[in-house]
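See below for model-v1.pdb, which holds PDB, C-alpha atoms (C1' of nucleotides).
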```
ATOM      1  CA  MET A 252      -2.211  -7.326 -36.489
ATOM      2  CA  SER A 253      -5.419  -8.421 -38.181
ATOM      3  CA  TRP A 254      -5.576  -8.369 -41.948
ATOM      4  CA  ASN A 255      -9.265  -9.032 -42.438
ATOM      5  CA  LEU A 256      -9.030 -10.012 -46.076
ATOM      6  CA  ASP A 257     -12.187 -11.001 -47.873
ATOM      7  CA  SER A 258     -12.735 -12.724 -51.176
ATOM      8  CA  ASP A 259     -14.872 -10.041 -52.796
ATOM      9  CA  ARG A 260     -11.917  -8.111 -54.116
ATOM     10  CA  PRO A 261      -8.397  -9.059 -55.267
ATOM     11  CA  ILE A 262      -6.292  -9.792 -52.199
ATOM     12  CA  PHE A 263      -3.259  -7.876 -53.409
ATOM     13  CA  LEU A 264      -5.391  -4.711 -53.647
ATOM     14  CA  GLN A 265      -6.637  -5.187 -50.113
ATOM     15  CA  ILE A 266      -3.073  -5.634 -48.907
ATOM     16  CA  ILE A 267      -1.981  -2.436 -50.620
ATOM     17  CA  GLN A 268      -4.765  -0.510 -48.904
ATOM     18  CA  LYS A 269      -4.071  -2.128 -45.561
ATOM     19  CA  ILE A 270      -0.392  -1.160 -45.581
ATOM     20  CA  GLN A 271      -1.198   2.316 -46.903
ATOM     21  CA  THR A 272      -3.533   2.956 -43.994
ATOM     22  CA  ASP A 273      -1.013   1.537 -41.546
ATOM     23  CA  ILE A 274       1.465   4.116 -42.799
ATOM     24  CA  ILE A 275      -1.039   6.962 -42.764
ATOM     25  CA  SER A 276      -2.392   6.155 -39.331
ATOM     26  CA  GLY A 277       1.132   6.161 -37.946
ATOM     27  CA  PHE A 278       1.282   2.475 -37.128
ATOM     28  CA  TYR A 279       4.368   2.475 -39.349
ATOM     29  CA  GLN A 280       6.533   5.568 -38.916
ATOM     30  CA  PRO A 281       8.628   7.145 -41.678
ATOM     31  CA  GLY A 282      11.903   5.239 -41.940
ATOM     32  CA  ASP A 283      10.540   2.184 -40.149
ATOM     33  CA  LYS A 284      11.631  -1.205 -41.390
ATOM     34  CA  LEU A 285       8.885  -3.445 -42.627
ATOM     35  CA  PRO A 286       8.871  -7.153 -41.821
ATOM     36  CA  SER A 287      10.259  -9.259 -44.657
ATOM     37  CA  VAL A 288       8.080 -10.345 -47.551
ATOM     38  CA  ARG A 289       7.965 -13.855 -46.163
ATOM     39  CA  GLU A 290       7.009 -12.698 -42.686
ATOM     40  CA  LEU A 291       4.277 -10.412 -43.936
ATOM     41  CA  ALA A 292       2.938 -13.161 -46.172
ATOM     42  CA  SER A 293       2.859 -15.509 -43.232
ATOM     43  CA  GLU A 294       1.116 -12.946 -41.015
ATOM     44  CA  ALA A 295      -1.536 -12.309 -43.617
ATOM     45  CA  SER A 296      -1.815 -15.981 -44.540
ATOM     46  CA  VAL A 297      -1.223 -15.348 -48.212
ATOM     47  CA  ASN A 298       1.320 -16.592 -50.693
ATOM     48  CA  PRO A 299       4.633 -14.688 -50.685
ATOM     49  CA  ASN A 300       4.109 -13.905 -54.373
ATOM     50  CA  THR A 301       0.871 -12.118 -53.561
ATOM     51  CA  MET A 302       2.540 -10.065 -50.849
ATOM     52  CA  GLN A 303       5.438  -9.280 -53.164
ATOM     53  CA  LYS A 304       3.004  -8.035 -55.799
ATOM     54  CA  ALA A 305       1.382  -5.657 -53.322
ATOM     55  CA  LEU A 306       4.722  -4.378 -52.047
ATOM     56  CA  SER A 307       6.009  -3.777 -55.565
ATOM     57  CA  GLU A 308       3.035  -1.545 -56.208
ATOM     58  CA  LEU A 309       3.583   0.388 -52.977
ATOM     59  CA  GLU A 310       7.162   0.829 -54.084
ATOM     60  CA  ARG A 311       6.131   2.051 -57.505
ATOM     61  CA  THR A 312       4.136   4.862 -55.904
ATOM     62  CA  GLY A 313       7.079   5.751 -53.674
ATOM     63  CA  LEU A 314       5.479   4.978 -50.333
ATOM     64  CA  VAL A 315       8.077   2.368 -49.482
ATOM     65  CA  TYR A 316      11.529   1.569 -50.829
ATOM     66  CA  SER A 317      13.671  -1.509 -50.654
ATOM     67  CA  GLN A 318      17.357  -2.033 -50.078
ATOM     68  CA  ARG A 319      18.545  -5.152 -51.754
ATOM     69  CA  THR A 320      19.350  -7.308 -48.756
ATOM     70  CA  SER A 321      18.708  -5.242 -45.654
ATOM     71  CA  GLY A 322      14.979  -4.992 -46.147
ATOM     72  CA  ARG A 323      12.122  -2.691 -47.024
ATOM     73  CA  PHE A 324      11.441   0.684 -45.434
ATOM     74  CA  ILE A 325       8.725   3.310 -45.141
ATOM     75  CA  THR A 326       9.462   6.516 -47.014
ATOM     76  CA  GLU A 327      10.818   9.418 -44.950
ATOM     77  CA  ASP A 328       8.869  11.901 -47.018
ATOM     78  CA  HIS A 329       6.375  13.153 -44.414
ATOM     79  CA  LYS A 330       4.715  15.407 -46.942
ATOM     80  CA  MET A 331       3.942  12.522 -49.253
ATOM     81  CA  ILE A 332       2.282  10.704 -46.388
ATOM     82  CA  GLN A 333       0.269  13.735 -45.310
ATOM     83  CA  HIS A 334      -0.800  14.346 -48.866
ATOM     84  CA  LEU A 335      -1.918  10.760 -49.288
ATOM     85  CA  LYS A 336      -3.854  11.003 -46.047
ATOM     86  CA  SER A 337      -5.992  13.947 -47.093
ATOM     87  CA  GLU A 338      -6.371  12.486 -50.562
ATOM     88  CA  LEU A 339      -7.704   9.186 -49.220
ATOM     89  CA  ALA A 340      -9.904  10.880 -46.624
ATOM     90  CA  GLN A 341     -11.489  12.978 -49.342
ATOM     91  CA  LYS A 342     -12.033   9.920 -51.507
ATOM     92  CA  ILE A 343     -13.717   8.105 -48.626
ATOM     93  CA  ILE A 344     -16.002  11.046 -47.966
ATOM     94  CA  GLU A 345     -17.033  11.345 -51.580
ATOM     95  CA  GLU A 346     -17.611   7.636 -51.820
ATOM     96  CA  PHE A 347     -19.778   7.770 -48.717
ATOM     97  CA  LEU A 348     -21.899  10.643 -49.993
ATOM     98  CA  GLU A 349     -22.282   8.953 -53.348
ATOM     99  CA  HIS A 350     -23.360   5.660 -51.820
ATOM    100  CA  MET A 351     -25.950   7.367 -49.643
ATOM    101  CA  SER A 352     -27.146   9.403 -52.592
ATOM    102  CA  GLN A 353     -27.640   6.194 -54.548
ATOM    103  CA  LEU A 354     -30.028   5.050 -51.825
ATOM    104  CA  GLY A 355     -31.910   8.328 -52.154
ATOM    105  CA  ILE A 356     -30.421   9.777 -48.985
ATOM    106  CA  GLN A 357     -29.189  13.327 -49.477
ATOM    107  CA  ARG A 358     -26.412  15.265 -47.715
ATOM    108  CA  GLU A 359     -28.365  16.655 -44.782
ATOM    109  CA  GLU A 360     -30.038  13.382 -43.946
ATOM    110  CA  ALA A 361     -26.768  11.503 -44.344
ATOM    111  CA  ILE A 362     -25.128  13.657 -41.716
ATOM    112  CA  ALA A 363     -28.125  13.304 -39.437
ATOM    113  CA  LEU A 364     -27.930   9.516 -39.717
ATOM    114  CA  ILE A 365     -24.220   9.484 -38.937
ATOM    115  CA  THR A 366     -24.679  11.677 -35.902
ATOM    116  CA  GLU A 367     -27.433   9.380 -34.729
ATOM    117  CA  THR A 368     -25.230   6.319 -35.186
ATOM    118  CA  ILE A 369     -22.428   7.868 -33.170
ATOM    119  CA  LYS A 370     -24.761   8.834 -30.342
ATOM    120  CA  GLY A 371     -26.029   5.277 -30.196
ATOM    121  CA  GLU A 372     -22.554   3.858 -29.721
ATOM    122  CA  THR A 373     -21.243   2.880 -26.298
ATOM    123  CA  LYS A 374     -18.249   5.027 -25.539
TER
ATOM    124  CA  MET B 243     -28.754   4.895 -67.029
ATOM    125  CA  SER B 244     -25.054   4.687 -66.293
ATOM    126  CA  TRP B 245     -23.670   1.490 -64.876
ATOM    127  CA  ASN B 246     -20.170   2.645 -63.976
ATOM    128  CA  LEU B 247     -18.670  -0.808 -63.629
ATOM    129  CA  ASP B 248     -15.022  -1.071 -62.742
ATOM    130  CA  SER B 249     -12.625  -3.984 -62.914
ATOM    131  CA  ASP B 250     -11.587  -3.961 -59.269
ATOM    132  CA  ARG B 251     -14.439  -6.171 -58.158
ATOM    133  CA  PRO B 252     -16.478  -8.944 -59.793
ATOM    134  CA  ILE B 253     -18.918  -7.368 -62.235
ATOM    135  CA  PHE B 254     -21.880  -9.487 -61.185
ATOM    136  CA  LEU B 255     -21.513  -8.173 -57.628
ATOM    137  CA  GLN B 256     -21.493  -4.592 -58.857
ATOM    138  CA  ILE B 257     -24.604  -5.264 -60.910
ATOM    139  CA  ILE B 258     -26.409  -6.716 -57.907
ATOM    140  CA  GLN B 259     -25.629  -3.600 -55.887
ATOM    141  CA  LYS B 260     -26.593  -1.287 -58.714
ATOM    142  CA  ILE B 261     -30.025  -2.846 -59.151
ATOM    143  CA  GLN B 262     -30.544  -3.016 -55.392
ATOM    144  CA  THR B 263     -29.934   0.698 -55.050
ATOM    145  CA  ASP B 264     -32.164   1.425 -58.034
ATOM    146  CA  ILE B 265     -34.962  -0.382 -56.224
ATOM    147  CA  ILE B 266     -34.270   1.298 -52.899
ATOM    148  CA  SER B 267     -33.979   4.776 -54.345
ATOM    149  CA  GLY B 268     -37.321   4.343 -56.070
ATOM    150  CA  PHE B 269     -35.984   4.358 -59.611
ATOM    151  CA  TYR B 270     -37.728   1.012 -59.885
ATOM    152  CA  GLN B 271     -41.098   0.919 -58.118
ATOM    153  CA  PRO B 272     -42.608  -2.199 -56.489
ATOM    154  CA  GLY B 273     -44.302  -4.254 -59.181
ATOM    155  CA  ASP B 274     -42.368  -2.601 -62.010
ATOM    156  CA  LYS B 275     -41.261  -4.772 -64.881
ATOM    157  CA  LEU B 276     -37.527  -4.966 -65.407
ATOM    158  CA  PRO B 277     -36.059  -4.885 -68.893
ATOM    159  CA  SER B 278     -35.227  -8.357 -70.198
ATOM    160  CA  VAL B 279     -31.959 -10.033 -69.349
ATOM    161  CA  ARG B 280     -30.697  -9.373 -72.855
ATOM    162  CA  GLU B 281     -31.656  -5.698 -72.762
ATOM    163  CA  LEU B 282     -30.060  -5.146 -69.376
ATOM    164  CA  ALA B 283     -26.918  -6.936 -70.511
ATOM    165  CA  SER B 284     -26.748  -4.737 -73.545
ATOM    166  CA  GLU B 285     -27.293  -1.568 -71.511
ATOM    167  CA  ALA B 286     -24.541  -2.514 -69.108
ATOM    168  CA  SER B 287     -22.269  -3.806 -71.872
ATOM    169  CA  VAL B 288     -21.799  -7.169 -70.235
ATOM    170  CA  ASN B 289     -22.451 -10.710 -71.315
ATOM    171  CA  PRO B 290     -26.034 -11.909 -70.827
ATOM    172  CA  ASN B 291     -24.718 -14.737 -68.661
ATOM    173  CA  THR B 292     -23.184 -12.253 -66.259
ATOM    174  CA  MET B 293     -26.446 -10.317 -66.014
ATOM    175  CA  GLN B 294     -28.391 -13.531 -65.520
ATOM    176  CA  LYS B 295     -26.095 -14.478 -62.664
ATOM    177  CA  ALA B 296     -26.724 -11.170 -60.910
ATOM    178  CA  LEU B 297     -30.484 -11.382 -61.424
ATOM    179  CA  SER B 298     -30.619 -14.933 -60.096
ATOM    180  CA  GLU B 299     -29.028 -13.728 -56.896
ATOM    181  CA  LEU B 300     -31.482 -10.845 -56.556
ATOM    182  CA  GLU B 301     -34.242 -13.374 -57.031
ATOM    183  CA  ARG B 302     -32.799 -15.668 -54.406
ATOM    184  CA  THR B 303     -33.039 -12.869 -51.830
ATOM    185  CA  GLY B 304     -36.623 -12.147 -52.876
ATOM    186  CA  LEU B 305     -36.095  -8.634 -54.168
ATOM    187  CA  VAL B 306     -37.291  -9.545 -57.654
ATOM    188  CA  TYR B 307     -39.264 -12.442 -59.055
ATOM    189  CA  SER B 308     -39.623 -13.808 -62.544
ATOM    190  CA  GLN B 309     -42.579 -15.088 -64.493
ATOM    191  CA  ARG B 310     -41.503 -17.631 -67.019
ATOM    192  CA  THR B 311     -42.165 -15.758 -70.244
ATOM    193  CA  SER B 312     -43.673 -12.420 -69.320
ATOM    194  CA  GLY B 313     -40.583 -11.082 -67.630
ATOM    195  CA  ARG B 314     -39.038 -10.149 -64.329
ATOM    196  CA  PHE B 315     -40.609  -7.876 -61.724
ATOM    197  CA  ILE B 316     -39.739  -5.925 -58.610
ATOM    198  CA  THR B 317     -41.204  -7.318 -55.398
ATOM    199  CA  GLU B 318     -44.355  -5.648 -54.098
ATOM    200  CA  ASP B 319     -43.225  -6.105 -50.525
ATOM    201  CA  HIS B 320     -42.667  -2.489 -49.497
ATOM    202  CA  LYS B 321     -41.491  -3.523 -46.064
ATOM    203  CA  MET B 322     -38.716  -5.673 -47.460
ATOM    204  CA  ILE B 323     -37.504  -2.713 -49.489
ATOM    205  CA  GLN B 324     -37.628  -0.317 -46.551
ATOM    206  CA  HIS B 325     -35.837  -2.806 -44.382
ATOM    207  CA  LEU B 326     -33.104  -3.274 -46.950
ATOM    208  CA  LYS B 327     -32.749   0.477 -47.246
ATOM    209  CA  SER B 328     -32.015   1.081 -43.575
ATOM    210  CA  GLU B 329     -29.833  -1.999 -43.466
ATOM    211  CA  LEU B 330     -27.675  -0.799 -46.351
ATOM    212  CA  ALA B 331     -27.559   2.778 -45.064
ATOM    213  CA  GLN B 332     -26.298   1.533 -41.716
ATOM    214  CA  LYS B 333     -23.705  -0.633 -43.402
ATOM    215  CA  ILE B 334     -22.463   2.315 -45.454
ATOM    216  CA  ILE B 335     -22.200   4.491 -42.349
ATOM    217  CA  GLU B 336     -20.257   1.878 -40.426
ATOM    218  CA  GLU B 337     -17.971   1.277 -43.369
ATOM    219  CA  PHE B 338     -17.326   5.001 -43.639
ATOM    220  CA  LEU B 339     -16.497   5.396 -39.954
ATOM    221  CA  GLU B 340     -14.244   2.355 -40.080
ATOM    222  CA  HIS B 341     -12.345   3.596 -43.123
ATOM    223  CA  MET B 342     -11.780   6.988 -41.543
ATOM    224  CA  SER B 343     -10.729   5.342 -38.298
ATOM    225  CA  GLN B 344      -8.173   3.305 -40.206
ATOM    226  CA  LEU B 345      -6.626   6.582 -41.362
ATOM    227  CA  GLY B 346      -6.502   7.740 -37.757
ATOM    228  CA  ILE B 347      -9.483  10.062 -38.150
ATOM    229  CA  GLN B 348     -11.982   9.698 -35.323
ATOM    230  CA  ARG B 349     -15.730  10.270 -35.215
ATOM    231  CA  GLU B 350     -15.792  13.974 -34.398
ATOM    232  CA  GLU B 351     -13.197  14.892 -36.982
ATOM    233  CA  ALA B 352     -14.865  12.700 -39.571
ATOM    234  CA  ILE B 353     -18.114  14.594 -39.219
ATOM    235  CA  ALA B 354     -16.263  17.895 -39.323
ATOM    236  CA  LEU B 355     -14.576  16.884 -42.578
ATOM    237  CA  ILE B 356     -17.844  15.833 -44.172
ATOM    238  CA  THR B 357     -19.523  19.066 -43.193
ATOM    239  CA  GLU B 358     -16.603  20.957 -44.673
ATOM    240  CA  THR B 359     -16.829  19.008 -47.916
ATOM    241  CA  ILE B 360     -20.529  19.721 -48.265
ATOM    242  CA  LYS B 361     -20.039  23.432 -47.638
ATOM    243  CA  GLY B 362     -17.378  23.526 -50.339
ATOM    244  CA  GLU B 363     -19.728  22.061 -52.929
ATOM    245  CA  THR B 364     -21.535  24.261 -55.432
ATOM    246  CA  LYS B 365     -25.232  23.874 -54.868
TER
ATOM    247  C1'  DT C 272      35.080 -16.873 -44.833
ATOM    248  C1'  DT C 273      30.797 -18.945 -44.097
ATOM    249  C1'  DT C 274      25.947 -18.680 -43.191
ATOM    250  C1'  DA C 275      21.540 -16.779 -43.043
ATOM    251  C1'  DT C 276      18.424 -13.379 -44.580
ATOM    252  C1'  DT C 277      16.749 -10.262 -47.982
ATOM    253  C1'  DG C 278      14.406  -8.969 -52.272
ATOM    254  C1'  DT C 279      13.414 -10.838 -56.566
ATOM    255  C1'  DA C 280      12.406 -13.935 -60.531
ATOM    256  C1'  DT C 281      10.559 -18.045 -62.816
ATOM    257  C1'  DT C 282       7.508 -21.839 -64.037
ATOM    258  C1'  DA C 283       3.482 -24.552 -63.278
ATOM    259  C1'  DT C 284      -1.147 -25.325 -61.578
ATOM    260  C1'  DT C 285      -5.702 -24.221 -59.829
ATOM    261  C1'  DA C 286      -9.908 -21.506 -59.242
ATOM    262  C1'  DA C 287     -12.959 -17.817 -60.275
ATOM    263  C1'  DT C 288     -14.867 -14.427 -63.706
ATOM    264  C1'  DA C 289     -16.333 -13.137 -67.865
ATOM    265  C1'  DT C 290     -17.294 -13.880 -72.483
ATOM    266  C1'  DA C 291     -19.068 -16.337 -76.716
ATOM    267  C1'  DG C 292     -22.207 -19.060 -78.857
ATOM    268  C1'  DT C 293     -26.005 -21.880 -78.892
ATOM    269  C1'  DA C 294     -30.204 -24.104 -77.499
ATOM    270  C1'  DC C 295     -34.831 -24.969 -75.500
ATOM    271  C1'  DA C 296     -39.359 -24.558 -73.243
ATOM    272  C1'  DA C 297     -43.143 -21.506 -72.042
ATOM    273  C1'  DT C 298     -46.224 -18.139 -73.422
ATOM    274  C1'  DA C 299     -47.583 -13.499 -74.889
ATOM    275  C1'  DA C 300     -48.475 -11.240 -79.108
ATOM    276  C1'  DT C 301     -49.738 -11.529 -83.850
TER
ATOM    277  C1'  DA D 189     -51.580 -21.467 -85.705
ATOM    278  C1'  DT D 190     -47.432 -18.916 -86.018
ATOM    279  C1'  DT D 191     -43.964 -15.844 -84.389
ATOM    280  C1'  DA D 192     -41.351 -13.368 -81.198
ATOM    281  C1'  DT D 193     -39.940 -12.722 -76.607
ATOM    282  C1'  DT D 194     -38.921 -14.433 -72.156
ATOM    283  C1'  DG D 195     -36.154 -16.860 -68.693
ATOM    284  C1'  DT D 196     -33.001 -20.454 -68.437
ATOM    285  C1'  DA D 197     -29.328 -23.917 -69.336
ATOM    286  C1'  DC D 198     -25.158 -25.695 -71.354
ATOM    287  C1'  DT D 199     -20.405 -26.099 -73.241
ATOM    288  C1'  DA D 200     -16.188 -23.982 -74.438
ATOM    289  C1'  DT D 201     -12.540 -20.524 -74.073
ATOM    290  C1'  DA D 202      -9.701 -16.592 -72.278
ATOM    291  C1'  DT D 203      -8.080 -13.942 -68.556
ATOM    292  C1'  DT D 204      -6.858 -12.834 -64.008
ATOM    293  C1'  DA D 205      -5.641 -13.949 -59.299
ATOM    294  C1'  DA D 206      -3.715 -16.901 -56.145
ATOM    295  C1'  DT D 207      -0.986 -20.613 -54.833
ATOM    296  C1'  DA D 208       3.047 -23.873 -54.897
ATOM    297  C1'  DA D 209       7.664 -24.795 -55.367
ATOM    298  C1'  DT D 210      12.118 -23.298 -56.440
ATOM    299  C1'  DA D 211      16.003 -20.622 -57.447
ATOM    300  C1'  DC D 212      19.474 -16.893 -57.326
ATOM    301  C1'  DA D 213      22.175 -12.674 -56.294
ATOM    302  C1'  DA D 214      23.447  -9.381 -52.789
ATOM    303  C1'  DT D 215      24.929  -8.548 -48.357
ATOM    304  C1'  DA D 216      24.381  -8.371 -43.324
ATOM    305  C1'  DA D 217      25.589 -11.225 -39.541
ATOM    306  C1'  DA D 218      28.192 -14.889 -37.551
TER
END
```

Could you show the structure in this file as C-alpha cells?
Amino acid sequence: MSWNLDSDRPIFLQIIQKIQTDIISGFYQPGDKLPSVRELASEASVNPNTMQKALSELERTGLVYSQRTSGRFITEDHKMIQHLKSELAQKIIEEFLEHMSQLGIQREEAIALITETIKGETK
Amino acid sequence: MSWNLDSDRPIFLQIIQKIQTDIISGFYQPGDKLPSVRELASEASVNPNTMQKALSELERTGLVYSQRTSGRFITEDHKMIQHLKSELAQKIIEEFLEHMSQLGIQREEAIALITETIKGETK
DNA sequence: TTTATTGTATTATTAATATAGTACAATAAT
DNA sequence: ATTATTGTACTATATTAATAATACAATAAA
C-alpha cells in the first residue's frame, strides 16, 4: 500500500481522498474492517492525530463508521459508494477539461491528445 | 480576469499556475508587460508579498523577467513557452488517467466517459 | 477478572502560509 | 529637479497543519 503523500496540499485531505478511492475502486469492500488508526498512521508515516482527523471526516460523510472498541468499518451502503464513484469521476473529467482549456486546448484536441498518449503506452 | 483561488492549496502555488497558463494560452504574449506587483495583488485580492513570492518563482524558471523600475515582462523565448505547454498538457493527461485509474476506471472507459460528457454539453 | 486493543480527547510545540505595515533604491515620467 | 512608479526587502503577527506525548473509557480477547 503506497500512500504517495506530497507536501503541496494538506496531508489530511490527501488521506481522505486516498481512502475514498480505495473504497470506490473496491480495494476496501462494504463492511470491511479498516486497520486501526495507529496502524494506518504508521503505514502512511503520519501522526495518528492526522489520520484521526481524516477518518473523522470520512465518518462525517457516512462513508465509514466506527464501533467504539471493535474498530472502524466501511459502509454497507453500496448505493452511496456507487453514487460517490460517478460523482468523483465526473469531477475529474470536468477538472481535466478545464485544465486543458486553460492551456488553450479545446475538447476535440484534448481527446486527440489523450488517445495519442494511450497509443504510445506499452501495454 | 478571475483568479478563482481556493484554500485547499497554498495560494502562491495557485498564482504561479494561473499566470503560467495565461502565458501558455496566449492571454499574455511574449514581451508583454505584466501589471505591477501591487496591481496584480489587488486584482487577485492577496497580499503583495504573496504575489511577489509567486512572481519570483516564475522569474527563477525564466518565464518572466523584471527590469528594475520599468516593470516585469513575459519572456520572448517562444520555444520555452511551447515546450512548457506540451509538458503541462502531458502532465494533465497523465494525472487524469491516474485519477480515473484510482477509481477503477481504465483507459477505454475513461475516454468513453469524456466523450459522453462532451456530447451532453450545450454548445 | 485481567489485559490488550480500540476510538477518542487534550495540551504543547513547531513549521509553513498569508497578511500587515513599512521602507528603500532605481528610474521613468513630469 | 521633482515626483511617482517599480521591484524588492524586512519585521511582526495570525492562522493552519502537523507532530509529539499522553491519557482515558469501552470492550473484545485472554

Margin query: Using all atoms listed in the file, I'd like every residue of chain D that has an atom within 10 Å of chain A; please write them out as a PyMOL selection string.
Written below: chain D and resi 204-208+213-216

Could you turn the residues from that selection into a file that holds C-alpha atoms (C1' of nucleotides), as an mmCIF file, in the coordinates of the input?
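Result file again_26.cif:
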```
data_model
loop_
_atom_site.group_PDB
_atom_site.id
_atom_site.type_symbol
_atom_site.label_atom_id
_atom_site.label_comp_id
_atom_site.auth_asym_id
_atom_site.auth_seq_id
_atom_site.Cartn_x
_atom_site.Cartn_y
_atom_site.Cartn_z
ATOM 1 C "C1'" DT D 204 -6.858 -12.834 -64.008
ATOM 2 C "C1'" DA D 205 -5.641 -13.949 -59.299
ATOM 3 C "C1'" DA D 206 -3.715 -16.901 -56.145
ATOM 4 C "C1'" DT D 207 -0.986 -20.613 -54.833
ATOM 5 C "C1'" DA D 208 3.047 -23.873 -54.897
ATOM 6 C "C1'" DA D 213 22.175 -12.674 -56.294
ATOM 7 C "C1'" DA D 214 23.447 -9.381 -52.789
ATOM 8 C "C1'" DT D 215 24.929 -8.548 -48.357
ATOM 9 C "C1'" DA D 216 24.381 -8.371 -43.324
#
```

Could you make a table, as JSON lines, of the residues of chain C that have an atom within 8 Å of an atom of chain B, each with its nearest atom pair and distance in Å to one decimal, counting all atoms listed in the file, in chain and number order?
```
{"residue": "C:DT288", "atom": "C1'", "partner": "B:Pro252", "partner_atom": "CA", "distance": 6.9}
{"residue": "C:DA289", "atom": "C1'", "partner": "B:Thr292", "partner_atom": "CA", "distance": 7.1}
{"residue": "C:DT290", "atom": "C1'", "partner": "B:Asn289", "partner_atom": "CA", "distance": 6.2}
{"residue": "C:DA297", "atom": "C1'", "partner": "B:Thr311", "partner_atom": "CA", "distance": 6.1}
{"residue": "C:DT298", "atom": "C1'", "partner": "B:Thr311", "partner_atom": "CA", "distance": 5.7}
{"residue": "C:DA299", "atom": "C1'", "partner": "B:Ser312", "partner_atom": "CA", "distance": 6.9}
```

Could you take the residues named above and write them with C-alpha atoms (C1' of nucleotides), as a PDB file, keeping the file's coordinate frame?
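Final output, again31.pdb:
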```pdb
ATOM      1  C1'  DT C 288     -14.867 -14.427 -63.706  1.00  0.00           C
ATOM      2  C1'  DA C 289     -16.333 -13.137 -67.865  1.00  0.00           C
ATOM      3  C1'  DT C 290     -17.294 -13.880 -72.483  1.00  0.00           C
ATOM      4  C1'  DA C 297     -43.143 -21.506 -72.042  1.00  0.00           C
ATOM      5  C1'  DT C 298     -46.224 -18.139 -73.422  1.00  0.00           C
ATOM      6  C1'  DA C 299     -47.583 -13.499 -74.889  1.00  0.00           C
TER       7       DA C 299
END
```

Exercise for review: Determine the residue set returned by the PyMOL selection byres ((chain B) within 9 of (chain A)) for the present structure, and present it as a ChimeraX atom specification.
Suggested key: /B:250-252,255,260,262-268,327,330-332,334-339,341-347,349,352-353,355-357,359-360

Return as an mmCIF file with C-alpha atoms, keeping the file's coordinate frame the set of residues that the PyMOL selection byres ((chain A and resi 331) around 12) yields on the displayed structure.
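File result.cif, as written:
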```
data_model
loop_
_atom_site.group_PDB
_atom_site.id
_atom_site.type_symbol
_atom_site.label_atom_id
_atom_site.label_comp_id
_atom_site.auth_asym_id
_atom_site.auth_seq_id
_atom_site.Cartn_x
_atom_site.Cartn_y
_atom_site.Cartn_z
ATOM 1 C CA GLN A 271 -1.198 2.316 -46.903
ATOM 2 C CA ILE A 274 1.465 4.116 -42.799
ATOM 3 C CA ILE A 275 -1.039 6.962 -42.764
ATOM 4 C CA PRO A 281 8.628 7.145 -41.678
ATOM 5 C CA THR A 312 4.136 4.862 -55.904
ATOM 6 C CA GLY A 313 7.079 5.751 -53.674
ATOM 7 C CA LEU A 314 5.479 4.978 -50.333
ATOM 8 C CA VAL A 315 8.077 2.368 -49.482
ATOM 9 C CA ILE A 325 8.725 3.310 -45.141
ATOM 10 C CA THR A 326 9.462 6.516 -47.014
ATOM 11 C CA GLU A 327 10.818 9.418 -44.950
ATOM 12 C CA ASP A 328 8.869 11.901 -47.018
ATOM 13 C CA HIS A 329 6.375 13.153 -44.414
ATOM 14 C CA LYS A 330 4.715 15.407 -46.942
ATOM 15 C CA ILE A 332 2.282 10.704 -46.388
ATOM 16 C CA GLN A 333 0.269 13.735 -45.310
ATOM 17 C CA HIS A 334 -0.800 14.346 -48.866
ATOM 18 C CA LEU A 335 -1.918 10.760 -49.288
ATOM 19 C CA LYS A 336 -3.854 11.003 -46.047
ATOM 20 C CA SER A 337 -5.992 13.947 -47.093
ATOM 21 C CA GLU A 338 -6.371 12.486 -50.562
#
```

Selection result for the PyMOL selection byres ((chain D and resi 218) around 12) on this file, as a list in words: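 In the shown coordinates, the PyMOL selection byres ((chain D and resi 218) around 12) covers DT272, DT273, DT274 and DA275 of chain C; DA216 and DA217 of chain D.
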
Q: Give as an MDAnalysis selection string each residue that has an atom at most 12 Å from (-16.0, -26.8, -75.1) in the file, counting all atoms listed in the file.
A: (chainID C and resid 291:293) or (chainID D and resid 198:201)
